[in-house]
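Structure below is my_file.cif: mmCIF, C-alpha atoms.
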data_work
#
loop_
_atom_site.label_atom_id
_atom_site.label_comp_id
_atom_site.auth_asym_id
_atom_site.auth_seq_id
_atom_site.Cartn_x
_atom_site.Cartn_y
_atom_site.Cartn_z
CA MET X 320 96.54 54.18 -47.19
CA SER X 321 93.60 56.48 -46.44
CA LYS X 322 90.20 55.97 -47.99
CA LEU X 323 89.25 57.91 -51.08
CA SER X 324 87.34 61.12 -50.27
CA VAL X 325 85.05 63.16 -52.51
CA ALA X 326 87.61 65.97 -52.67
CA ARG X 327 90.47 63.66 -53.65
CA LEU X 328 88.45 61.77 -56.26
CA THR X 329 87.20 65.05 -57.72
CA ARG X 330 90.84 66.18 -58.09
CA GLU X 331 91.68 62.87 -59.76
CA LEU X 332 88.78 63.26 -62.18
CA LEU X 333 89.82 66.83 -63.00
CA ASP X 334 93.37 65.57 -63.57
CA ALA X 335 91.95 62.95 -65.95
CA ALA X 336 90.12 65.69 -67.85
CA HIS X 337 93.35 67.67 -68.00
CA ILE X 338 94.98 64.77 -69.89
CA LEU X 339 92.45 65.39 -72.66
CA ARG X 340 93.12 69.11 -72.88
CA ASN X 341 95.91 68.60 -75.44
CA SER X 342 93.55 66.79 -77.82
CA ALA X 343 91.70 70.04 -78.66
CA MET X 344 88.54 68.50 -77.25
CA ASP X 345 85.77 70.77 -76.04
CA PRO X 346 84.64 70.46 -72.39
CA LEU X 347 81.46 68.56 -73.26
CA ALA X 348 83.36 65.92 -75.25
CA SER X 349 85.96 65.66 -72.47
CA SER X 350 83.25 65.11 -69.88
CA VAL X 351 81.76 62.28 -71.93
CA ILE X 352 85.13 60.53 -72.33
CA VAL X 353 85.98 60.84 -68.62
CA SER X 354 82.47 59.66 -67.73
CA GLY X 355 82.84 56.57 -69.89
CA VAL X 356 86.21 55.60 -68.43
CA LEU X 357 84.97 56.31 -64.90
CA LEU X 358 81.94 54.07 -65.45
CA LEU X 359 84.12 51.21 -66.73
CA LYS X 360 86.53 51.50 -63.80
CA TRP X 361 83.78 51.86 -61.18
CA ALA X 362 81.75 48.94 -62.55
CA SER X 363 84.84 46.72 -62.50
CA ASP X 364 85.87 47.70 -58.98
CA GLN X 365 82.42 47.27 -57.42
CA ARG X 366 80.79 44.00 -56.56
CA GLY X 367 77.18 43.48 -57.49
CA PRO X 368 75.47 46.61 -58.77
CA LEU X 369 76.07 45.82 -62.45
CA GLN X 370 76.71 42.78 -64.60
CA VAL X 371 80.25 43.25 -65.93
CA PRO X 372 81.20 40.82 -68.69
CA ASP X 373 84.89 39.95 -69.03
CA ARG X 374 85.29 42.20 -72.10
CA ALA X 375 84.09 45.17 -70.04
CA ARG X 376 86.34 44.49 -67.04
CA TRP X 377 89.11 46.93 -66.25
CA ARG X 378 91.77 44.23 -66.15
CA HIS X 379 90.82 43.25 -69.72
CA ILE X 380 91.30 46.87 -70.83
CA VAL X 381 94.66 47.20 -69.09
CA GLN X 382 95.95 43.82 -70.29
CA ASN X 383 94.87 44.28 -73.92
CA GLY X 384 95.25 48.02 -74.40
CA GLY X 385 98.56 48.07 -76.23
CA GLY X 386 97.15 48.41 -79.75
CA THR X 387 93.94 50.15 -80.65
CA LEU X 388 92.90 51.23 -77.19
CA GLY X 389 90.03 53.36 -78.46
CA GLU X 390 88.35 50.37 -80.08
CA LEU X 391 88.91 48.29 -76.95
CA LEU X 392 87.34 51.00 -74.74
CA ASP X 393 84.42 51.40 -77.16
CA GLU X 394 83.78 47.66 -77.10
CA ALA X 395 84.09 47.48 -73.31
CA LEU X 396 81.70 50.37 -72.71
CA HIS X 397 79.11 49.15 -75.19
CA THR X 398 79.31 45.62 -73.75
CA LEU X 399 78.70 47.04 -70.27
CA LEU X 400 75.76 49.14 -71.48
CA TRP X 401 74.18 46.22 -73.37
CA SER X 402 74.57 43.97 -70.33
CA ASN X 403 72.72 46.43 -68.07
CA PRO X 404 69.95 48.01 -70.17
CA ASP X 405 67.60 48.54 -67.22
CA VAL X 406 70.22 50.54 -65.31
CA LEU X 407 72.38 52.09 -68.03
CA GLY X 408 70.05 52.24 -71.02
CA GLY X 409 70.32 55.55 -72.85
CA THR X 410 73.56 56.61 -71.15
CA LEU X 411 76.86 57.18 -72.92
CA GLU X 412 75.69 55.36 -76.04
CA ASP X 413 77.35 57.87 -78.37
CA VAL X 414 80.81 57.71 -76.79
CA ASP X 415 83.54 57.24 -79.37
CA PHE X 416 86.95 57.00 -77.76
CA ASN X 417 88.69 57.17 -81.17
CA LYS X 418 86.93 60.26 -82.44
CA LYS X 419 89.20 63.06 -81.21
CA MET X 420 91.89 61.27 -79.24
CA GLY X 421 95.05 59.46 -80.08
CA ASN X 422 96.24 56.24 -78.53
CA HIS X 423 98.78 58.14 -76.40
CA GLU X 424 96.12 60.21 -74.60
CA LEU X 425 93.97 57.13 -74.09
CA GLN X 426 96.92 55.21 -72.63
CA ARG X 427 97.62 58.08 -70.24
CA LEU X 428 93.94 58.18 -69.26
CA VAL X 429 93.77 54.42 -68.61
CA HIS X 430 97.02 54.57 -66.62
CA HIS X 431 95.60 57.45 -64.56
CA PHE X 432 92.43 55.53 -63.68
CA ASP X 433 94.35 52.31 -63.11
CA ARG X 434 96.00 53.90 -60.07
CA LEU X 435 92.62 54.38 -58.39
CA SER X 436 90.63 51.80 -56.48
CA LEU X 437 86.92 52.55 -56.56
CA SER X 438 85.89 49.53 -54.52
CA LYS X 439 83.55 50.20 -51.59
CA ASP X 440 86.33 49.20 -49.18
CA ASN X 441 88.49 52.04 -50.47
CA LEU X 442 85.83 54.78 -50.34
CA GLU X 443 85.08 56.99 -47.31
CA PHE X 444 81.36 56.26 -47.88
CA ASN X 445 79.26 54.54 -50.54
CA ASP X 446 78.44 57.59 -52.67
CA VAL X 447 81.94 59.09 -53.00
CA VAL X 448 82.03 58.34 -56.73
CA GLY X 449 78.57 59.84 -57.34
CA ARG X 450 79.34 63.03 -55.46
CA ALA X 451 82.76 63.45 -57.08
CA TYR X 452 81.13 62.92 -60.48
CA ASP X 453 78.53 65.62 -59.68
CA ARG X 454 81.33 68.02 -58.77
CA LEU X 455 83.17 67.17 -61.98
CA MET X 456 80.04 67.88 -64.04
CA GLY X 457 79.69 71.19 -62.20
CA GLU X 458 83.25 72.09 -63.16
CA PHE X 459 82.61 71.20 -66.80
CA ALA X 460 79.39 73.22 -66.71
CA ASP X 461 81.27 76.24 -65.34
CA VAL X 462 83.85 75.95 -68.14
CA GLY X 463 81.11 75.51 -70.71
CA GLY X 464 79.17 78.51 -69.37
CA LYS X 465 76.12 76.45 -68.45
CA MET X 466 74.39 75.62 -65.23
CA GLY X 467 75.23 72.10 -64.01
CA GLY X 468 71.71 70.77 -64.46
CA VAL X 469 71.51 72.08 -68.01
CA PHE X 470 74.93 70.72 -68.89
CA TYR X 471 74.53 67.04 -68.14
CA THR X 472 70.83 66.31 -68.36
#

Take the structure in the file and give it back as structure tokens.
Amino acid sequence: MSKLSVARLTRELLDAAHILRNSAMDPLASSVIVSGVLLLKWASDQRGPLQVPDRARWRHIVQNGGGTLGELLDEALHTLLWSNPDVLGGTLEDVDFNKKMGNHELQRLVHHFDRLSLSKDNLEFNDVVGRAYDRLMGEFADVGGKMGGVFYT
């Protein structure tokens, strides 16, 4: 299997955002949800940059996501943020996975991300995730009619 490129990961992130399109969510809200799930998956797949408690690990989300997946994702993300205040403080604190999405969309989103490996060994270079995320934010900014820097800062 070939390593994950910026172009391919960007397509995967746009596909993830497309899953949310049916939930009548505006582009800004969609970008926040995709960002939160991406952060959880990336943090779980990487070794070392962040402290990832068991409740914030991707395998915990996948194994326990049959019921109220939104609550599980909220707990996982907030646990990750609280465990890394120096790195993640002030980011994605207002994410609410239950707010505008049903369990079906969340299950599809988790399944979509579960297919991806974001470990360093599976990336073409170390910053593939960062660059794909920047491209995704640019796409959301274009849809929202804002310049990229204005949209996500």

As lines of an AutoDock Vina configuration file, please report the centre and edge lengths, rounded to one decimal in Å, of the axis-aligned box that holds all listed atoms of segment 400-417 of chain X with 8 Å of padding on each of the six sides.
center_x = 78.1
center_y = 50.9
center_z = -73.2
size_x = 37.1
size_y = 29.9
size_z = 31.9

Residues within 9 Å of segment 401-405 of chain X, all atoms listed in the file, excluding chain neighbours under 2 positions, as an MDAnalysis selection string: chainID X and resid 369:372 396:399 407:409

Determine the residue set returned by the PyMOL selection byres ((chain X and resi 336-352) around 9) for the present structure, and present it as JSON, numbers by chain. {"X": [331, 332, 333, 334, 335, 353, 354, 355, 356, 357, 411, 413, 414, 415, 416, 419, 420, 421, 424, 425, 427, 428, 455, 456, 459, 460, 462, 463, 470, 471]}

Distance cut-off 12 Å, centre (78.5, 48.2, -58.4) in file coordinates, counting only C-alpha atoms: which residues qualify? Return them as a PyMOL selection string. chain X and resi 358-371+399+403+406+437-439+445-446+448-449

Figure out the distance between atom CA of Ile380 of chain X and atom CA of Leu392 of chain X, please, to one decimal in Å.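 Answer for the atom CA of Leu392 of chain X to atom CA of Ile380 of chain X separation: 6.9 Å.
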